[in-house]
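Asker: Dropping a structure here in structure tokens format, bear with me for questions.
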Amino acid sequence: MTGGIIGSGVRVAYSTGSPHMWNKLEQVLDVTPPKATSKSIDITTHGPNDYLQNMPGLAALSDTVVTMLRDNDSTSSPHQNALFNLRAAKTLLWWRIEIPANPDHTVDSFEAYEFQGRVGSFEPAAPIDDKQTVKSNIVFGGTTFQRYDPAPSLIG
């Protein structure tokens, strides 16, 4: 594949347990998946070498940020609106992000990421001259961060 892929069609869902029954977030506009960044650990053995040696240590995962077109009706957007109470309860959830892996979207193929995290924020925005949105930050809270090769969607 060359030329890259537009992000349109990204899917985000959460599950309250295992086995996973994915609750797809409605009207996702944008998502920033978590980024794993390892701390640098000095492993230098002192001797004639003049350079420090390092290796990657434990990784910190950045927050996942999901922005959705706001629908404050819990009938039509139940999973989006549930995020408010899930944040207040600090519920540990399973999260799945599916990113389209086919440039023309003709094949149901998604690169997926799964991890556990908690809703860290629920931020509605209602600008006078633009669309209403809600943004949520998902704070990593588990012990694993998995990436899966492109495959059919589990979110639907």
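Chains: A, B, ... in order of the structure tokens. Residues: from 1 per chain. Ligands: from 1, in order shown.
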Do you know which residues are at most 12 Å from Pro78 in chain A counting only C-alpha atoms, after dropping those on the same chain fewer than 5 positions away, and could you put them as an mmCIF file with C-alpha atoms, in the first residue's frame?

Answerer:
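result.cif, written as the output of this step:
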```
data_model
loop_
_atom_site.group_PDB
_atom_site.id
_atom_site.type_symbol
_atom_site.label_atom_id
_atom_site.label_comp_id
_atom_site.auth_asym_id
_atom_site.auth_seq_id
_atom_site.Cartn_x
_atom_site.Cartn_y
_atom_site.Cartn_z
ATOM 1 C CA ASN A 23 -20.462 -0.603 22.931
ATOM 2 C CA LYS A 24 -19.690 1.480 19.843
ATOM 3 C CA LEU A 25 -19.361 5.214 20.462
ATOM 4 C CA GLU A 26 -21.724 7.145 18.239
ATOM 5 C CA GLN A 27 -20.665 9.823 15.725
ATOM 6 C CA ARG A 70 -22.623 15.760 20.317
ATOM 7 C CA ASP A 71 -25.961 14.017 20.644
ATOM 8 C CA ASN A 72 -27.312 14.651 24.141
ATOM 9 C CA ASP A 73 -30.260 12.302 23.596
ATOM 10 C CA LEU A 83 -19.340 8.248 29.392
ATOM 11 C CA PHE A 84 -20.417 10.972 31.852
ATOM 12 C CA ASN A 85 -21.407 8.460 34.553
#
```

Asker: Compare A:Pro150, A:Gly117, A:Gly47, A:Pro34 by their minimum atom-to-atom distance to Ala59 in chain A, counting only C-alpha atoms, and give me the closest one.

Answerer: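 When distances to Ala59 in chain A are compared using only C-alpha atoms, the smallest one comes from A:Pro34.
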
Asker: Applying 10 Å and only C-alpha atoms, which residues near Gly142 in chain A remain after dropping the ones on its own chain fewer than 5 positions away? List them as an MDAnalysis selection string.

Answerer: chainID A and resid 92:94 115:118

Asker: Can you work out which one of A:Asp50, A:Asp108, A:Asp63, A:Glu123 has the shortest atom-to-atom distance to Pro152 in chain A, counting only C-alpha atoms?

Answerer: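 Going through A:Asp50, A:Asp108, A:Asp63, A:Glu123 one by one, the smallest distance to Pro152 in chain A is for A:Asp108.
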
Asker: Select, from A:Ala82, A:Ala125, A:Val134, A:Ala13, the residue with the minimum atom-to-atom distance to Arg96 in chain A, counting only C-alpha atoms.

Answerer: A:Ala13

Asker: Which residues are near Gly57 in chain A? Cut-off 6 Å, only C-alpha atoms, ignore same chain within fewer than 3 positions. Put them as an MDAnalysis selection string.

Answerer: chainID A and resid 38:41

Asker: What gap, in Å, lies between CA of Arg11 in chain A and CA of Ile128 in chain A?

Answerer: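 Between these atoms lies a distance of 28.0 Å.
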
Asker: Going by DSSP on the backbone, which bits of range 21-80 of chain A are strand (DSSP E or B)? Write them as a list in words, please.

Answerer: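 Taking range 21-80 of chain A and keeping strand (DSSP E or B) only, one gets Asn23, Lys24, Val28, Leu29, Asp30, Val31, Thr32, Ala36, Thr37, Ser38, Lys39, Ser40, Ile41, Asp42, Asn54, Met55, Pro56, Gly57, Leu58, Ala59, Ala60, Leu61, Thr64, Val65, Val66, Thr67, Met68 and Leu69 of chain A.
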
Asker: Enter the distance from CA of Gly9 in chain A to CA of Ile99 in chain A, in Å, rounded to one decimal.

Answerer: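 The value is 7.1 Å.
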
Asker: List the spatial neighbours of Pro100 in chain A as a PyMOL selection string - criterion: any atom at most 7 Å away, only C-alpha atoms, same-chain residues fewer than 5 positions off excluded.

Answerer: chain A and resi 7+9-10+109-111

Asker: Keeping only N, CA and C atoms, write the selected residues as an mmCIF file, in the first residue's frame.

Answerer:
```
data_model
loop_
_atom_site.group_PDB
_atom_site.id
_atom_site.type_symbol
_atom_site.label_atom_id
_atom_site.label_comp_id
_atom_site.auth_asym_id
_atom_site.auth_seq_id
_atom_site.Cartn_x
_atom_site.Cartn_y
_atom_site.Cartn_z
ATOM 1 N N GLY A 7 -8.380 8.913 7.574
ATOM 2 C CA GLY A 7 -8.847 8.302 8.819
ATOM 3 C C GLY A 7 -10.342 8.084 8.903
ATOM 4 N N GLY A 9 -13.841 6.669 9.052
ATOM 5 C CA GLY A 9 -14.287 5.305 9.281
ATOM 6 C C GLY A 9 -13.706 4.680 10.536
ATOM 7 N N VAL A 10 -12.959 5.461 11.323
ATOM 8 C CA VAL A 10 -12.412 4.950 12.574
ATOM 9 C C VAL A 10 -13.560 4.602 13.514
ATOM 10 N N SER A 109 -11.651 -4.181 6.768
ATOM 11 C CA SER A 109 -10.326 -4.502 7.292
ATOM 12 C C SER A 109 -9.830 -3.341 8.156
ATOM 13 N N PHE A 110 -9.533 -3.645 9.418
ATOM 14 C CA PHE A 110 -9.151 -2.621 10.383
ATOM 15 C C PHE A 110 -7.948 -3.065 11.194
ATOM 16 N N GLU A 111 -6.989 -2.144 11.351
ATOM 17 C CA GLU A 111 -5.926 -2.333 12.324
ATOM 18 C C GLU A 111 -6.554 -1.976 13.668
#
```

Asker: I need the alpha helix (DSSP H) residues of chain A per DSSP on the backbone, written as a list in words.

Answerer: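 Of chain A, the ones in alpha helix (DSSP H) are Pro78, His79, Gln80, Asn81, Ala82, Leu83, Phe84, Asn85, Leu86, Arg87, Ala88 and Ala89 of chain A.
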
Asker: Those same residues, written as a PDB file, in the first residue's frame with C-alpha atoms?

Answerer:
```
ATOM      1  CA  PRO A  78     -26.613   5.819  24.707  1.00  0.00           C
ATOM      2  CA  HIS A  79     -22.919   4.889  24.706  1.00  0.00           C
ATOM      3  CA  GLN A  80     -21.720   8.453  24.161  1.00  0.00           C
ATOM      4  CA  ASN A  81     -23.893   9.704  27.020  1.00  0.00           C
ATOM      5  CA  ALA A  82     -22.904   6.855  29.351  1.00  0.00           C
ATOM      6  CA  LEU A  83     -19.340   8.248  29.392  1.00  0.00           C
ATOM      7  CA  PHE A  84     -20.417  10.972  31.852  1.00  0.00           C
ATOM      8  CA  ASN A  85     -21.407   8.460  34.553  1.00  0.00           C
ATOM      9  CA  LEU A  86     -18.563   6.068  33.722  1.00  0.00           C
ATOM     10  CA  ARG A  87     -16.143   8.947  34.390  1.00  0.00           C
ATOM     11  CA  ALA A  88     -17.760   9.750  37.734  1.00  0.00           C
ATOM     12  CA  ALA A  89     -17.649   6.081  38.781  1.00  0.00           C
TER      13      ALA A  89
END
```

Asker: For CA of Asp149 in chain A and CA of Pro56 in chain A, determine how far apart the two atoms are, in Å to one decimal place.

Answerer: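 Going from CA of Asp149 in chain A over to CA of Pro56 in chain A, I get 23.8 Å.
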
Asker: Skip Gly120 in chain A itself and residues of its chain fewer than 3 positions away, then list as a list of chain:residue names all residues within 7 Å of it, counting only C-alpha atoms.

Answerer: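 Counting only C-alpha atoms, the residues come to A:Arg87, A:Ser136, A:Asn137, A:Ile138, A:Val139.
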